[in-house]
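Participant: Got a structure for you, written out below as structure tokens; questions coming shortly.
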Amino acid sequence: MEKEKRSLFQRFLLWREKNIKEKQFILILSFLVGIFTAITALILKMLIHWIQNFLTNNFNTTEANYLYLVYPVVGIFLAGLFVRYVVKDDISHGVTKILYAISRRQGRIKRHNTWSSVIASSITIGFGGSVGAEAPIVLTGSAIGSNLGSVFKMEHRTLMLLVGCGAAGAIAGIFKAPIAGLVFTLEVLMIDLTMTSLLPLLISAVTAATVSYITTGTEAMFKFHLDQAFEMERIPYVIMLGIFCGLVSLYFTRAMNSVEGVFGKLKGPYQKLALGGIMLSILIFLFPPLYGEGYDTIELLLNGTSNADWDTVMNNSFFYGHGNLLLLYLMLIILFKVFASSATNGGGGCGGIFAPSLYLGCIAGFVFAFFSNKFDFSYYLPEKNFALMGMAGVMSGVMHAPLTGVFLIAELTGGYDLFLPLMIVAASSYLTIIVFEPHSIYSMRLAKKGELLTHHKDKAVLTLMKVENVVEKDFVVVHPEMDLGELVKAISASRRNIFPVTDKSGILIGIVTLDDIRNIMFRQELYHRFTVGKLMTAIPARLYDTDSMEQVMRTFDDTKAWNLPVVDEEGHYLGFVSKSKIFNSYRQVLVHFSED
């Protein structure tokens, strides 16, 4: 029966190749990816809300609830067990994984990512983990695109495009934001903007958003009503808000990296769980708005019209009824949110930083306007408008994606009337953080390893190339104790003019070039007088098998050499890399990478 199924599928593949052109089939696949990612996004949202409502439905709003000390620990413990014993693979840092798949794995994402992140993140966030569901669903969508393409035997360039389609569909589906989904894929995932890539990405984003509209209605995710129109006199304050958001983004990025570094040094999962659980549960107990994604707080700050409305953000806590402490309370949340998010992931949970950056931005914008109004630093700044702009600012800064920030916030809230100030805040925030951090929170891990694909064509092509693919191994190896006669025999058996010299254990100690011995190689009376050890010369530079192609090219430029030896970390000889081989490979990859 299995053979029959296999042959049926193979027959379908053959029929498809004959009857449906490649470009048309990619459009069909992008449509399917849009449907599947939107459905998966809806399932994830539904699971999170069901778990959250089940656990917190009976909480008392007028006092602290001690179950906040328990739920988050249980959530990251269960998610950690699921990842360790069921998935048996690291599924954190979802967007970083996609960037890695695009740059180094040629668009291949493991099959379990089509479902594992959905289960782990719904448990984590439903039980109170202070992270977002967006990065897990983006990874899930990209995995759906990658694996759908693999099933139909698509080439790796198409797989990379389908990975982008999955990401675009995921953002469009979960936020009802098709433009933001498209822009995110182009801006954050660095998918090249060509007509060949644009149409499939558009189809996936529009399809996913349409499925979300059909199932959950056409209203924007956050209700926002513009009470006060934007006035040009407020532009200086909008620019100041952008700079403030850029600094908040910098704090968030650096603090998260530092806390992750602390968790990285802990050896066992239970040590991580203990530290993460204690940090997270205490912070959520003191500041209940840190529970889960935090979208209730965003809704409150965007729609509240008076202090009485805004004070409800302190419900379920010791701060209940102390409206005079609202500003301090929100500033402490800005300070501690990064620790809550890092503790969630570091302790074993699964989630992303989309929601935390929106959450932080909303509070940062609100605090900026509220503080200014309270102390009369300027004429009145509408708090809800600045909360909206702050969302775009912090998202732009954290992700290094100003266009994504602008379009996502506009589509999330329907706040198109504030498009100009949104753009100003996003640009100001991005320009502020770029001074301190050249890479986004997603890409900095890969950038350090030289594994990041960018819009810079040369660097992108070099990133796609690997040292192991350009190493040539047809060089005859000689040893220092061999005499000139033995060396001449080796030369006669070789087509090369360079001969690596290694010791008995294979460590590279030098090279002999044909030019160095050309004047004595035919003088037989010298055959037993000279040894390879005397004739060999030093190596201008060594390449390591772990080097990135960018490092390799830099070494070639520094040494002006045309051939350089490759060794492993212990110095064992592996082969040679020639500049001409790199140029040939570069041309092939460039043609393949740039083909429309």
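How things are named: the first chain in the structure tokens is A, the next is B, and so on; residues count from 1 in each chain; ligands count from 1 in the order shown.
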Enumerate, in order of chain and increasing residue number, the residues of segment 202-267 of chain A with an atom no farther than 12 Å from segment 132-155 of chain A, each with its shortest atom pair and distance in Å to one decimal, counting only C-alpha atoms, as JSON lines.
Facilitator:
{"residue": "A:Ser204", "atom": "CA", "partner": "A:Gly145", "partner_atom": "CA", "distance": 9.9}
{"residue": "A:Ala205", "atom": "CA", "partner": "A:Gly141", "partner_atom": "CA", "distance": 11.1}
{"residue": "A:Ala208", "atom": "CA", "partner": "A:Gly141", "partner_atom": "CA", "distance": 10.5}
Participant: How close does segment 252-329 of chain A get to segment 353-364 of chain A? List, as a tab-separated table, each residue of segment 252-329 of chain A within 9 Å, its nearest atom pair and the distance in Å to one decimal, counting only C-alpha atoms.
Facilitator:
residue	atom	partner	partner_atom	distance
A:Phe252	CA	A:Ser357	CA	8.5
A:Glu293	CA	A:Ala355	CA	5.8
A:Gly294	CA	A:Tyr359	CA	6.3
A:Tyr295	CA	A:Tyr359	CA	7.1
A:Thr297	CA	A:Tyr359	CA	7.7
A:Ile298	CA	A:Cys362	CA	6.3
A:Leu301	CA	A:Cys362	CA	7.5
A:Leu302	CA	A:Cys362	CA	8.1
Participant: Output all heavy atoms for every residue in that selection, as a PDB file, in the first residue's frame.
Facilitator:
ATOM      1  N   PHE A 252      16.532  47.371  26.296  1.00  0.00           N
ATOM      2  CA  PHE A 252      15.882  46.065  26.173  1.00  0.00           C
ATOM      3  C   PHE A 252      16.822  45.045  25.525  1.00  0.00           C
ATOM      4  O   PHE A 252      16.980  43.924  26.000  1.00  0.00           O
ATOM      5  CB  PHE A 252      14.604  46.217  25.342  1.00  0.00           C
ATOM      6  CG  PHE A 252      13.799  44.955  25.198  1.00  0.00           C
ATOM      7  CD1 PHE A 252      13.002  44.503  26.233  1.00  0.00           C
ATOM      8  CD2 PHE A 252      13.843  44.205  24.027  1.00  0.00           C
ATOM      9  CE1 PHE A 252      12.258  43.337  26.106  1.00  0.00           C
ATOM     10  CE2 PHE A 252      13.106  43.055  23.890  1.00  0.00           C
ATOM     11  CZ  PHE A 252      12.307  42.619  24.933  1.00  0.00           C
ATOM     12  N   GLU A 293       1.036  37.947  27.326  1.00  0.00           N
ATOM     13  CA  GLU A 293       1.459  38.849  26.238  1.00  0.00           C
ATOM     14  C   GLU A 293       1.359  40.322  26.611  1.00  0.00           C
ATOM     15  O   GLU A 293       2.084  41.153  26.079  1.00  0.00           O
ATOM     16  CB  GLU A 293       0.590  38.601  24.997  1.00  0.00           C
ATOM     17  CG  GLU A 293       0.760  37.225  24.391  1.00  0.00           C
ATOM     18  CD  GLU A 293      -0.293  36.936  23.343  1.00  0.00           C
ATOM     19  OE1 GLU A 293      -1.492  36.933  23.675  1.00  0.00           O
ATOM     20  OE2 GLU A 293       0.084  36.726  22.180  1.00  0.00           O
ATOM     21  N   GLY A 294       0.421  40.658  27.494  1.00  0.00           N
ATOM     22  CA  GLY A 294       0.268  42.053  27.907  1.00  0.00           C
ATOM     23  C   GLY A 294      -0.641  42.870  27.011  1.00  0.00           C
ATOM     24  O   GLY A 294      -0.670  44.100  27.093  1.00  0.00           O
ATOM     25  N   TYR A 295      -1.395  42.192  26.142  1.00  0.00           N
ATOM     26  CA  TYR A 295      -2.240  42.938  25.202  1.00  0.00           C
ATOM     27  C   TYR A 295      -3.409  43.643  25.887  1.00  0.00           C
ATOM     28  O   TYR A 295      -3.921  44.639  25.379  1.00  0.00           O
ATOM     29  CB  TYR A 295      -2.753  42.005  24.105  1.00  0.00           C
ATOM     30  CG  TYR A 295      -1.697  41.643  23.086  1.00  0.00           C
ATOM     31  CD1 TYR A 295      -1.819  40.514  22.281  1.00  0.00           C
ATOM     32  CD2 TYR A 295      -0.559  42.431  22.914  1.00  0.00           C
ATOM     33  CE1 TYR A 295      -0.845  40.181  21.340  1.00  0.00           C
ATOM     34  CE2 TYR A 295       0.406  42.109  21.985  1.00  0.00           C
ATOM     35  CZ  TYR A 295       0.260  40.986  21.198  1.00  0.00           C
ATOM     36  OH  TYR A 295       1.225  40.685  20.276  1.00  0.00           O
ATOM     37  N   THR A 297      -3.173  45.308  28.653  1.00  0.00           N
ATOM     38  CA  THR A 297      -2.615  46.603  29.074  1.00  0.00           C
ATOM     39  C   THR A 297      -2.550  47.562  27.890  1.00  0.00           C
ATOM     40  O   THR A 297      -2.872  48.753  28.016  1.00  0.00           O
ATOM     41  CB  THR A 297      -1.203  46.404  29.672  1.00  0.00           C
ATOM     42  OG1 THR A 297      -1.279  45.457  30.741  1.00  0.00           O
ATOM     43  CG2 THR A 297      -0.627  47.712  30.175  1.00  0.00           C
ATOM     44  N   ILE A 298      -2.130  47.054  26.731  1.00  0.00           N
ATOM     45  CA  ILE A 298      -2.075  47.895  25.519  1.00  0.00           C
ATOM     46  C   ILE A 298      -3.466  48.416  25.190  1.00  0.00           C
ATOM     47  O   ILE A 298      -3.661  49.614  24.914  1.00  0.00           O
ATOM     48  CB  ILE A 298      -1.505  47.091  24.329  1.00  0.00           C
ATOM     49  CG1 ILE A 298      -0.039  46.744  24.579  1.00  0.00           C
ATOM     50  CG2 ILE A 298      -1.649  47.878  23.018  1.00  0.00           C
ATOM     51  CD1 ILE A 298       0.576  45.841  23.520  1.00  0.00           C
ATOM     52  N   LEU A 301      -4.425  51.228  27.651  1.00  0.00           N
ATOM     53  CA  LEU A 301      -3.745  52.508  27.470  1.00  0.00           C
ATOM     54  C   LEU A 301      -4.161  53.194  26.165  1.00  0.00           C
ATOM     55  O   LEU A 301      -4.156  54.426  26.080  1.00  0.00           O
ATOM     56  CB  LEU A 301      -2.226  52.318  27.489  1.00  0.00           C
ATOM     57  CG  LEU A 301      -1.634  51.815  28.819  1.00  0.00           C
ATOM     58  CD1 LEU A 301      -0.127  51.678  28.714  1.00  0.00           C
ATOM     59  CD2 LEU A 301      -1.989  52.743  29.974  1.00  0.00           C
ATOM     60  N   LEU A 302      -4.531  52.409  25.165  1.00  0.00           N
ATOM     61  CA  LEU A 302      -4.953  52.992  23.888  1.00  0.00           C
ATOM     62  C   LEU A 302      -6.392  53.509  23.935  1.00  0.00           C
ATOM     63  O   LEU A 302      -6.772  54.357  23.132  1.00  0.00           O
ATOM     64  CB  LEU A 302      -4.835  51.961  22.753  1.00  0.00           C
ATOM     65  CG  LEU A 302      -3.422  51.573  22.292  1.00  0.00           C
ATOM     66  CD1 LEU A 302      -3.506  50.585  21.146  1.00  0.00           C
ATOM     67  CD2 LEU A 302      -2.628  52.801  21.857  1.00  0.00           C
TER      68      LEU A 302
END
Participant: Using DSSP on the backbone coordinates, identify the residues of segment 426-552 of chain A assigned to alpha helix (DSSP H); present them as a ChimeraX atom specification.
Facilitator: /A:426-436,444-449,457-464,484-492,514-517,532-535,549-552
Participant: Write the residues of the preceding selection, restricted to N, CA and C atoms, as a short mmCIF file (atom, residue, chain, number, x, y, z; two decimals), in the first residue's frame.
Facilitator:
data_model
loop_
_atom_site.label_atom_id
_atom_site.label_comp_id
_atom_site.auth_asym_id
_atom_site.auth_seq_id
_atom_site.Cartn_x
_atom_site.Cartn_y
_atom_site.Cartn_z
N ALA A 426 9.39 56.11 14.28
CA ALA A 426 10.11 54.89 13.86
C ALA A 426 11.51 55.23 13.34
N ALA A 427 11.61 56.27 12.52
CA ALA A 427 12.90 56.67 11.96
C ALA A 427 13.84 57.18 13.06
N SER A 428 13.31 58.00 13.98
CA SER A 428 14.13 58.55 15.07
C SER A 428 14.64 57.43 15.98
N SER A 429 13.79 56.49 16.29
CA SER A 429 14.17 55.36 17.15
C SER A 429 15.26 54.52 16.48
N TYR A 430 15.05 54.22 15.21
CA TYR A 430 16.03 53.40 14.47
C TYR A 430 17.37 54.11 14.37
N LEU A 431 17.36 55.40 14.06
CA LEU A 431 18.60 56.17 13.95
C LEU A 431 19.33 56.26 15.29
N THR A 432 18.56 56.23 16.39
CA THR A 432 19.17 56.28 17.72
C THR A 432 19.87 54.97 18.06
N ILE A 433 19.17 53.86 17.86
CA ILE A 433 19.77 52.57 18.27
C ILE A 433 20.90 52.14 17.34
N ILE A 434 20.83 52.54 16.06
CA ILE A 434 21.84 52.10 15.09
C ILE A 434 23.22 52.67 15.46
N VAL A 435 23.23 53.76 16.21
CA VAL A 435 24.50 54.35 16.68
C VAL A 435 25.21 53.38 17.62
N PHE A 436 24.42 52.63 18.42
CA PHE A 436 25.00 51.75 19.44
C PHE A 436 25.02 50.28 19.02
N MET A 444 21.93 39.62 15.69
CA MET A 444 23.26 39.83 16.27
C MET A 444 23.98 38.52 16.59
N ARG A 445 23.22 37.48 16.97
CA ARG A 445 23.87 36.19 17.27
C ARG A 445 24.52 35.61 16.02
N LEU A 446 23.81 35.70 14.89
CA LEU A 446 24.36 35.17 13.62
C LEU A 446 25.45 36.07 13.07
N ALA A 447 25.29 37.38 13.26
CA ALA A 447 26.29 38.32 12.74
C ALA A 447 27.65 38.07 13.39
N LYS A 448 27.64 37.73 14.69
CA LYS A 448 28.90 37.45 15.39
C LYS A 448 29.60 36.25 14.80
N LYS A 449 28.83 35.28 14.29
CA LYS A 449 29.42 34.07 13.71
C LYS A 449 29.65 34.20 12.21
N LYS A 457 24.55 42.40 -1.60
CA LYS A 457 24.63 41.26 -2.51
C LYS A 457 25.90 40.44 -2.32
N ASP A 458 27.08 41.13 -2.29
CA ASP A 458 28.35 40.42 -2.16
C ASP A 458 28.39 39.63 -0.86
N LYS A 459 28.01 40.29 0.24
CA LYS A 459 28.06 39.61 1.54
C LYS A 459 27.06 38.46 1.58
N ALA A 460 25.90 38.67 0.98
CA ALA A 460 24.88 37.62 0.97
C ALA A 460 25.38 36.37 0.24
N VAL A 461 26.01 36.58 -0.91
CA VAL A 461 26.53 35.44 -1.69
C VAL A 461 27.65 34.74 -0.93
N LEU A 462 28.55 35.52 -0.31
CA LEU A 462 29.63 34.91 0.47
C LEU A 462 29.09 34.13 1.67
N THR A 463 27.99 34.63 2.26
CA THR A 463 27.37 33.92 3.38
C THR A 463 26.81 32.58 2.94
N LEU A 464 26.25 32.54 1.73
CA LEU A 464 25.68 31.29 1.23
C LEU A 464 26.75 30.26 0.87
N LEU A 484 65.36 15.46 -2.02
CA LEU A 484 64.98 16.11 -3.27
C LEU A 484 64.53 15.11 -4.32
N GLY A 485 65.17 13.93 -4.35
CA GLY A 485 64.80 12.90 -5.33
C GLY A 485 63.36 12.45 -5.13
N GLU A 486 62.99 12.21 -3.88
CA GLU A 486 61.61 11.79 -3.58
C GLU A 486 60.63 12.93 -3.91
N LEU A 487 61.07 14.15 -3.66
CA LEU A 487 60.23 15.30 -3.98
C LEU A 487 59.97 15.41 -5.48
N VAL A 488 61.01 15.16 -6.31
CA VAL A 488 60.86 15.21 -7.77
C VAL A 488 59.85 14.15 -8.22
N LYS A 489 59.92 12.95 -7.60
CA LYS A 489 58.94 11.89 -7.93
C LYS A 489 57.52 12.37 -7.62
N ALA A 490 57.39 13.02 -6.46
CA ALA A 490 56.06 13.54 -6.07
C ALA A 490 55.58 14.59 -7.08
N ILE A 491 56.52 15.43 -7.53
CA ILE A 491 56.18 16.47 -8.51
C ILE A 491 55.69 15.84 -9.82
N SER A 492 56.38 14.78 -10.23
CA SER A 492 56.00 14.12 -11.50
C SER A 492 54.61 13.49 -11.42
N LEU A 514 56.96 24.97 -6.77
CA LEU A 514 57.77 24.54 -7.91
C LEU A 514 58.80 25.61 -8.27
N ASP A 515 58.43 26.86 -8.17
CA ASP A 515 59.36 27.95 -8.51
C ASP A 515 60.60 27.95 -7.62
N ASP A 516 60.41 27.52 -6.34
CA ASP A 516 61.53 27.53 -5.39
C ASP A 516 62.62 26.52 -5.76
N ILE A 517 62.25 25.41 -6.42
CA ILE A 517 63.23 24.33 -6.67
C ILE A 517 63.47 24.10 -8.17
N VAL A 532 63.30 18.08 2.03
CA VAL A 532 62.13 18.98 1.95
C VAL A 532 62.16 19.99 3.09
N GLY A 533 62.63 19.55 4.26
CA GLY A 533 62.72 20.44 5.41
C GLY A 533 63.55 21.68 5.13
N LYS A 534 64.61 21.53 4.32
CA LYS A 534 65.46 22.66 3.97
C LYS A 534 64.85 23.52 2.86
N LEU A 535 64.10 22.89 1.98
CA LEU A 535 63.56 23.58 0.81
C LEU A 535 62.23 24.29 1.07
N MET A 549 33.26 32.74 4.71
CA MET A 549 33.84 33.11 3.42
C MET A 549 34.28 34.57 3.40
N GLU A 550 33.63 35.39 4.22
CA GLU A 550 34.05 36.79 4.31
C GLU A 550 35.45 36.89 4.92
N GLN A 551 35.70 36.08 5.97
CA GLN A 551 37.04 36.04 6.58
C GLN A 551 38.07 35.51 5.59
N VAL A 552 37.68 34.48 4.81
CA VAL A 552 38.58 33.88 3.82
C VAL A 552 39.01 34.94 2.80
#
Participant: Counting only C-alpha atoms, what is within 12 Å of segment 374-384 of chain A, bar same-chain residues fewer than 6 positions away, as a PDB file with N, CA and C atoms, in the first residue's frame?
Facilitator:
ATOM      1  N   LYS A 223      -8.598  48.201  19.225  1.00  0.00           N
ATOM      2  CA  LYS A 223      -9.504  49.290  18.866  1.00  0.00           C
ATOM      3  C   LYS A 223      -8.823  50.609  19.233  1.00  0.00           C
ATOM      4  N   PHE A 224      -8.784  51.528  18.285  1.00  0.00           N
ATOM      5  CA  PHE A 224      -8.181  52.831  18.556  1.00  0.00           C
ATOM      6  C   PHE A 224      -9.007  53.895  17.870  1.00  0.00           C
ATOM      7  N   HIS A 225      -9.409  54.891  18.653  1.00  0.00           N
ATOM      8  CA  HIS A 225     -10.190  55.995  18.087  1.00  0.00           C
ATOM      9  C   HIS A 225      -9.404  57.283  18.295  1.00  0.00           C
ATOM     10  N   LEU A 226      -9.138  57.983  17.203  1.00  0.00           N
ATOM     11  CA  LEU A 226      -8.351  59.216  17.281  1.00  0.00           C
ATOM     12  C   LEU A 226      -9.218  60.347  17.832  1.00  0.00           C
ATOM     13  N   ASP A 227      -8.959  60.731  19.097  1.00  0.00           N
ATOM     14  CA  ASP A 227      -9.723  61.819  19.711  1.00  0.00           C
ATOM     15  C   ASP A 227      -9.170  63.181  19.330  1.00  0.00           C
ATOM     16  N   GLN A 228      -7.828  63.245  19.195  1.00  0.00           N
ATOM     17  CA  GLN A 228      -7.198  64.522  18.860  1.00  0.00           C
ATOM     18  C   GLN A 228      -6.307  64.344  17.637  1.00  0.00           C
ATOM     19  N   ALA A 229      -6.563  65.116  16.607  1.00  0.00           N
ATOM     20  CA  ALA A 229      -5.771  65.007  15.385  1.00  0.00           C
ATOM     21  C   ALA A 229      -4.334  65.475  15.652  1.00  0.00           C
ATOM     22  N   PHE A 230      -3.419  64.958  14.851  1.00  0.00           N
ATOM     23  CA  PHE A 230      -2.007  65.332  15.001  1.00  0.00           C
ATOM     24  C   PHE A 230      -1.791  66.763  14.536  1.00  0.00           C
ATOM     25  N   GLU A 231      -1.034  67.529  15.343  1.00  0.00           N
ATOM     26  CA  GLU A 231      -0.718  68.915  14.993  1.00  0.00           C
ATOM     27  C   GLU A 231       0.776  69.048  14.740  1.00  0.00           C
ATOM     28  N   GLU A 233       2.846  71.303  15.369  1.00  0.00           N
ATOM     29  CA  GLU A 233       3.625  71.868  16.475  1.00  0.00           C
ATOM     30  C   GLU A 233       4.186  70.783  17.392  1.00  0.00           C
ATOM     31  N   ARG A 234       3.617  69.571  17.318  1.00  0.00           N
ATOM     32  CA  ARG A 234       4.075  68.486  18.200  1.00  0.00           C
ATOM     33  C   ARG A 234       5.256  67.706  17.623  1.00  0.00           C
ATOM     34  N   ILE A 235       5.697  68.046  16.414  1.00  0.00           N
ATOM     35  CA  ILE A 235       6.780  67.281  15.770  1.00  0.00           C
ATOM     36  C   ILE A 235       8.040  67.200  16.630  1.00  0.00           C
ATOM     37  N   PRO A 236       8.502  68.306  17.280  1.00  0.00           N
ATOM     38  CA  PRO A 236       9.703  68.174  18.135  1.00  0.00           C
ATOM     39  C   PRO A 236       9.540  67.129  19.239  1.00  0.00           C
ATOM     40  N   TYR A 237       8.322  67.047  19.810  1.00  0.00           N
ATOM     41  CA  TYR A 237       8.077  66.080  20.884  1.00  0.00           C
ATOM     42  C   TYR A 237       7.999  64.656  20.326  1.00  0.00           C
ATOM     43  N   VAL A 238       7.521  64.553  19.094  1.00  0.00           N
ATOM     44  CA  VAL A 238       7.483  63.239  18.435  1.00  0.00           C
ATOM     45  C   VAL A 238       8.906  62.736  18.189  1.00  0.00           C
ATOM     46  N   LEU A 241      10.271  61.623  21.439  1.00  0.00           N
ATOM     47  CA  LEU A 241       9.709  60.308  21.765  1.00  0.00           C
ATOM     48  C   LEU A 241      10.478  59.215  21.021  1.00  0.00           C
ATOM     49  N   ILE A 298      -2.130  47.054  26.731  1.00  0.00           N
ATOM     50  CA  ILE A 298      -2.075  47.895  25.519  1.00  0.00           C
ATOM     51  C   ILE A 298      -3.466  48.416  25.190  1.00  0.00           C
ATOM     52  N   GLU A 299      -4.459  47.538  25.229  1.00  0.00           N
ATOM     53  CA  GLU A 299      -5.853  47.912  24.942  1.00  0.00           C
ATOM     54  C   GLU A 299      -6.315  49.004  25.907  1.00  0.00           C
ATOM     55  N   LEU A 300      -5.942  48.845  27.157  1.00  0.00           N
ATOM     56  CA  LEU A 300      -6.346  49.806  28.188  1.00  0.00           C
ATOM     57  C   LEU A 300      -5.733  51.184  27.944  1.00  0.00           C
ATOM     58  N   LEU A 301      -4.425  51.228  27.651  1.00  0.00           N
ATOM     59  CA  LEU A 301      -3.745  52.508  27.470  1.00  0.00           C
ATOM     60  C   LEU A 301      -4.161  53.194  26.165  1.00  0.00           C
ATOM     61  N   LEU A 302      -4.531  52.409  25.165  1.00  0.00           N
ATOM     62  CA  LEU A 302      -4.953  52.992  23.888  1.00  0.00           C
ATOM     63  C   LEU A 302      -6.392  53.509  23.935  1.00  0.00           C
ATOM     64  N   ASN A 303      -7.191  52.979  24.842  1.00  0.00           N
ATOM     65  CA  ASN A 303      -8.613  53.336  24.859  1.00  0.00           C
ATOM     66  C   ASN A 303      -9.055  54.107  26.097  1.00  0.00           C
ATOM     67  N   GLY A 304      -8.170  54.144  27.105  1.00  0.00           N
ATOM     68  CA  GLY A 304      -8.529  54.881  28.322  1.00  0.00           C
ATOM     69  C   GLY A 304      -8.593  56.375  28.043  1.00  0.00           C
ATOM     70  N   THR A 305      -9.451  57.077  28.779  1.00  0.00           N
ATOM     71  CA  THR A 305      -9.609  58.523  28.539  1.00  0.00           C
ATOM     72  C   THR A 305      -9.354  59.338  29.803  1.00  0.00           C
ATOM     73  N   SER A 306      -9.203  58.670  30.945  1.00  0.00           N
ATOM     74  CA  SER A 306      -9.027  59.417  32.196  1.00  0.00           C
ATOM     75  C   SER A 306      -8.146  58.617  33.149  1.00  0.00           C
ATOM     76  N   ASN A 307      -7.740  59.266  34.223  1.00  0.00           N
ATOM     77  CA  ASN A 307      -6.914  58.580  35.234  1.00  0.00           C
ATOM     78  C   ASN A 307      -7.627  57.383  35.827  1.00  0.00           C
ATOM     79  N   ASP A 309      -9.612  55.318  34.334  1.00  0.00           N
ATOM     80  CA  ASP A 309      -9.428  54.178  33.413  1.00  0.00           C
ATOM     81  C   ASP A 309      -8.009  53.625  33.532  1.00  0.00           C
ATOM     82  N   TRP A 310      -7.011  54.517  33.493  1.00  0.00           N
ATOM     83  CA  TRP A 310      -5.616  54.072  33.471  1.00  0.00           C
ATOM     84  C   TRP A 310      -5.205  53.409  34.786  1.00  0.00           C
ATOM     85  N   ASN A 324      -2.011  57.616  42.598  1.00  0.00           N
ATOM     86  CA  ASN A 324      -0.901  58.570  42.579  1.00  0.00           C
ATOM     87  C   ASN A 324       0.434  57.919  42.206  1.00  0.00           C
ATOM     88  N   LEU A 326       0.779  55.724  39.676  1.00  0.00           N
ATOM     89  CA  LEU A 326       0.656  55.146  38.329  1.00  0.00           C
ATOM     90  C   LEU A 326       1.937  55.323  37.503  1.00  0.00           C
ATOM     91  N   LEU A 327       2.488  56.542  37.516  1.00  0.00           N
ATOM     92  CA  LEU A 327       3.684  56.813  36.715  1.00  0.00           C
ATOM     93  C   LEU A 327       4.858  55.941  37.168  1.00  0.00           C
ATOM     94  N   GLY A 361       6.746  49.532  24.110  1.00  0.00           N
ATOM     95  CA  GLY A 361       6.571  50.762  23.338  1.00  0.00           C
ATOM     96  C   GLY A 361       5.334  51.517  23.743  1.00  0.00           C
ATOM     97  N   CYS A 362       4.252  50.785  23.952  1.00  0.00           N
ATOM     98  CA  CYS A 362       2.987  51.408  24.342  1.00  0.00           C
ATOM     99  C   CYS A 362       3.138  52.115  25.690  1.00  0.00           C
ATOM    100  N   ILE A 363       3.762  51.416  26.646  1.00  0.00           N
ATOM    101  CA  ILE A 363       3.940  52.011  27.983  1.00  0.00           C
ATOM    102  C   ILE A 363       4.933  53.175  27.919  1.00  0.00           C
ATOM    103  N   ALA A 364       6.011  53.014  27.129  1.00  0.00           N
ATOM    104  CA  ALA A 364       7.011  54.082  27.009  1.00  0.00           C
ATOM    105  C   ALA A 364       6.382  55.349  26.424  1.00  0.00           C
ATOM    106  N   GLY A 365       5.574  55.199  25.372  1.00  0.00           N
ATOM    107  CA  GLY A 365       4.903  56.354  24.770  1.00  0.00           C
ATOM    108  C   GLY A 365       3.929  57.005  25.731  1.00  0.00           C
ATOM    109  N   PHE A 366       3.183  56.178  26.472  1.00  0.00           N
ATOM    110  CA  PHE A 366       2.224  56.699  27.448  1.00  0.00           C
ATOM    111  C   PHE A 366       2.950  57.448  28.555  1.00  0.00           C
ATOM    112  N   VAL A 367       4.016  56.847  29.092  1.00  0.00           N
ATOM    113  CA  VAL A 367       4.781  57.472  30.184  1.00  0.00           C
ATOM    114  C   VAL A 367       5.367  58.807  29.727  1.00  0.00           C
ATOM    115  N   PHE A 368       5.889  58.853  28.501  1.00  0.00           N
ATOM    116  CA  PHE A 368       6.475  60.083  27.949  1.00  0.00           C
ATOM    117  C   PHE A 368       5.442  61.212  27.963  1.00  0.00           C
ATOM    118  N   GLY A 390       4.619  55.144  20.388  1.00  0.00           N
ATOM    119  CA  GLY A 390       5.675  54.434  21.120  1.00  0.00           C
ATOM    120  C   GLY A 390       5.790  52.981  20.699  1.00  0.00           C
ATOM    121  N   MET A 391       4.652  52.379  20.373  1.00  0.00           N
ATOM    122  CA  MET A 391       4.676  50.981  19.899  1.00  0.00           C
ATOM    123  C   MET A 391       5.518  50.854  18.633  1.00  0.00           C
ATOM    124  N   THR A 413      -4.072  48.858  14.640  1.00  0.00           N
ATOM    125  CA  THR A 413      -4.986  49.750  15.344  1.00  0.00           C
ATOM    126  C   THR A 413      -5.912  50.528  14.416  1.00  0.00           C
ATOM    127  N   GLY A 415      -4.797  53.036  12.940  1.00  0.00           N
ATOM    128  CA  GLY A 415      -4.372  54.408  13.214  1.00  0.00           C
ATOM    129  C   GLY A 415      -3.690  55.072  12.040  1.00  0.00           C
ATOM    130  N   LEU A 418      -2.432  58.802  11.968  1.00  0.00           N
ATOM    131  CA  LEU A 418      -1.166  59.195  12.604  1.00  0.00           C
ATOM    132  C   LEU A 418       0.038  58.658  11.827  1.00  0.00           C
TER     133      LEU A 418
END
Participant: May I ask which of the residues A:Leu55, A:Ile284, A:Val188, A:Ala220 is the closest one to Ile409 of chain A, counting only C-alpha atoms?
Facilitator: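 Once distances to Ile409 of chain A are computed over only C-alpha atoms, the minimum belongs to A:Ala220.
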Participant: Quick one: of A:Leu335, A:Val118, A:Ile76, A:Pro402, who's nearest to Gly276 of chain A, counting only C-alpha atoms?
Facilitator: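 Comparing A:Leu335, A:Val118, A:Ile76, A:Pro402 against Gly276 of chain A, the winner is A:Ile76.
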Participant: Under the rule that only C-alpha atoms are counted, which of A:Arg108, A:His156, A:Lys176, A:Lys21 is the nearest residue to Glu411 of chain A?
Facilitator: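 Closest candidate: A:Lys176.
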Participant: Could you list, as a ChimeraX atom specification, every residue within 12 Å of segment 554-557 of chain A, counting only C-alpha atoms and ignoring same-chain residues fewer than 6 positions away?
Facilitator: /A:459,462,540-544,547-548,563-566,577-580,582
Participant: Check the smallest atom-to-atom distance from each of A:Ile509, A:Asn519, A:Tyr100, A:Arg84 to Gly571 of chain A using only C-alpha atoms, then report the winner.
Facilitator: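 Among the listed residues, the smallest separation from Gly571 of chain A belongs to A:Ile509.
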